[in-house]
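I have placed the structure first, in the form of structure tokens, so that the comments after it can refer back to it.
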Amino acid sequence: MSPGAVLRSAVDPTSMVTPQYGHSTLADLMPSIGAHLRVPGCGRPPIELPSSDRYVVVLIDGLGWQLVRRAIQHVPYLAGLLGGGRPITSAVPSTTVTSLACLGIGLPPGQHGLVGYSSRVPETGELLNALTWESDLPPRSYQPRQTFFERAAAAGVAVSSVALARFKDTGLTEAALRGADFIPFQHEKQENTRIKLTVAAAQRGQRSLVYAYERELDHCGHVEGSASPNWLDHLVRIDAMCERLRAELPDDVCMIITGDHGMVDVPVDHRLILEDEPELMAGTSAIAGEGRFRQVYVDDDGPDAVAARWQDRLCDTAWVLTRDQAIDAGWFGPVDDRVRERYGHVLVAMRDDYAIMTRQFPRELSLVGMHGSLTPAETMVPLFTD
């Protein structure tokens with residue numbers, strides 16, 4: 001896109017999904033399960049679920065509600081669950097770090113403080129990539145809230161996490177998912193092993209909860225796009241694996257399938273490069289987040305003035321709010337004082353299929369599928385039970 005070009009959206013610019021925290025988001029899923037498992041502090045379940053003493057939650061990274069519906073003729077198992085399924089929402093931003101924290105901790109992002117893929121640490125000024133956590137920042141002090149997994153384990157529930165071995169003891173696991181017994185597998189293609197481990201974990205103790213994570217759909221979508229044949233092949237494989245898992249689980253286990261966000265494929269000519277836009281960079285101190293949801297930190301200018309410049313430039317291809325406006329709009333749920341400064345002073349959420357890119361993070365320039373914003377395609381995820 002040439003510098004100075006005016007971005008215009010070809011679709012309804014009012015298509016925004018604001019999560020209804022406390023009612024129908026990923027942050028409400030584990031507390032709803034906890035109500036059935038008799039975990040203290042879990043009252044009336046905000047999400048209606050089948051009653052059981054054993055649950056398996058399969059989290060498919062990148063599985064958006066709209067993406068499932070688009071591919072439904074190719075995935076017979078998920079198609080059979082569609083009638084009883086429903087959409088719930090991820091958090092804001094609609095990205096893996098924030099969503100997994102909402103799921104594992106059972107709180108909205110304004111409470112747990114894992115505010116995005118990358119964000120500025122107020123105490124040090126460093127940009128933390130919370131997915132890779134290449135930082136000396138202690139995960140447990142940065143996210144000190146008790147996780148839902150810790151609460152459930154303390155209540156006598158056998159809590160397990162079945163995931164790739166390399167995710168054990170990572171910063172994100174420690175911050176968001178600690179408290180579960182980590183049950184590793186070495187390679188994602190070891191489907192028989194994964195199913196066997198999950199089934200065994202589901203039968204531990206008198207009450208059990210298993211979290212099973214699948215990431216390849218998201219990876220393929222980023223690299224090749226969610227409209228690519230390879231992406232569909234991965235979904236077909238996952239559909240068959242979930243069907244096999246359900247067949248091998250005991251009848252008294254309730255299996256839940258959900259996602260952490262959806263995805264939008266961004267055309268090359270719908271990408272704006274920040275370094276080519278001096279009027280956008282003016283007054284900014286740091287840029288974080290990702291292409292569909294930028295967090296802009298402002299130390300030497302007024303957030304209102306910076307937000308106005310961004311909105312004037314981006315027109316109807318973005319929602320541009322100051323931090324205070326986004327908090328007042330309920331994007332993050334109630335926001336703790338310790339969390340507030342982690343958010344950018346200006347938040348830029350892209351509409352339609354546009355993105356704001358930066359050469360500061362060169363790897364993102366090669367992405368096809370992206371997420372993070374508040375569009376239905378990114379924010380709505382499925383909730384299937386079987």
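We name chains A, B, ... following the order of the structure tokens; residues begin at 1 in each chain, and ligands are numbered from 1 as shown.
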
Taking the DSSP assignment computed from this structure's backbone, write out as a PyMOL selection string all residues of stretch 229-320 of chain A that belong to helix (DSSP H, G or I).
chain A and resi 229-248+268-270+274-276+278-281+303-317

Which residues, written as a ChimeraX atom specification, have at least one atom at most 12 Å from stretch 224-226 of chain A, with only C-alpha atoms counted and residues fewer than 3 positions away on the same chain left out?
/A:62-64,66-68,70-71,216-221,229-235,262-267,366-371,377-378

I'd like the neighbourhood of A:Gly43 as an MDAnalysis selection string, where a residue qualifies if any of its atoms comes within 9 Å (using only C-alpha atoms), though same-chain residues fewer than 3 positions away should be ignored.
chainID A and resid 31:32 34:35 38:40 46

Create the file for the chosen residues now, containing C-alpha atoms and written as a short mmCIF file (atom, residue, chain, number, x, y, z; two decimals), in the first residue's frame.
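Full text of selection_11.cif as output:
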data_model
loop_
_atom_site.label_atom_id
_atom_site.label_comp_id
_atom_site.auth_asym_id
_atom_site.auth_seq_id
_atom_site.Cartn_x
_atom_site.Cartn_y
_atom_site.Cartn_z
CA PRO A 31 -15.87 -21.75 36.27
CA SER A 32 -18.92 -23.36 34.64
CA GLY A 34 -16.09 -26.00 38.29
CA ALA A 35 -19.69 -25.61 39.38
CA ARG A 38 -17.87 -28.72 43.16
CA VAL A 39 -14.89 -26.39 43.12
CA PRO A 40 -15.27 -23.77 45.89
CA PRO A 46 -22.64 -18.89 33.54
#

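Nearest to A:Ala163 of all the residues A:Tyr213, A:Phe149, A:Trp133, A:Tyr142 is A:Tyr213, based on only C-alpha atoms.
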
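Here the question is which of A:Ala227, A:Met16, A:Ala175, A:Leu59 gets nearest to A:Gly113 using only C-alpha atoms, and that residue is A:Ala175.
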
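Nearest to A:Phe332 of all the residues A:Gly302, A:Pro50, A:Gly22, A:Gly84 is A:Gly22, counting only C-alpha atoms.
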
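The shell of residues at most 6 Å from A:Leu383, with only C-alpha atoms counted and near chain neighbours (fewer than 2 positions) removed, consists of Gly85, Arg86, Pro87, Ile257 and Thr258 of chain A.
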
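For the set A:Arg44, A:Arg194, A:Arg166, A:Arg294, the residue with the smallest atom-to-atom gap to A:Ala307 is A:Arg294, counting only C-alpha atoms.
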
Pick out the residues sitting within 9 Å of A:Glu341, and hand them over as a list in words; count only C-alpha atoms, and ignore anything fewer than 4 positions along from it in its own chain.
Arg120, Val121, Pro122, Asp337 and His345 of chain A

Set the distance at 7 Å and use only C-alpha atoms: which residues neighbour stretch 198-207 of chain A once local chain neighbours fewer than 4 positions away are removed? I'd like the list as JSON, numbers by chain.
{"A": [37, 53, 54, 56, 157, 158, 160, 162, 194, 248, 249]}

Could the residues in this selection be saved with C-alpha atoms as a short mmCIF file (atom, residue, chain, number, x, y, z; two decimals), in the first residue's frame?
data_model
loop_
_atom_site.label_atom_id
_atom_site.label_comp_id
_atom_site.auth_asym_id
_atom_site.auth_seq_id
_atom_site.Cartn_x
_atom_site.Cartn_y
_atom_site.Cartn_z
CA LEU A 37 -17.05 -30.45 39.87
CA ASP A 53 -17.76 -35.59 37.33
CA ARG A 54 -15.31 -35.87 34.43
CA VAL A 56 -12.13 -33.23 28.78
CA VAL A 157 -10.06 -32.73 41.25
CA ALA A 158 -7.49 -34.67 39.19
CA SER A 160 -4.25 -32.80 33.76
CA VAL A 162 -1.98 -33.05 27.70
CA ARG A 194 -2.32 -38.34 22.53
CA GLU A 248 -12.44 -44.16 23.39
CA LEU A 249 -13.49 -42.00 26.33
#
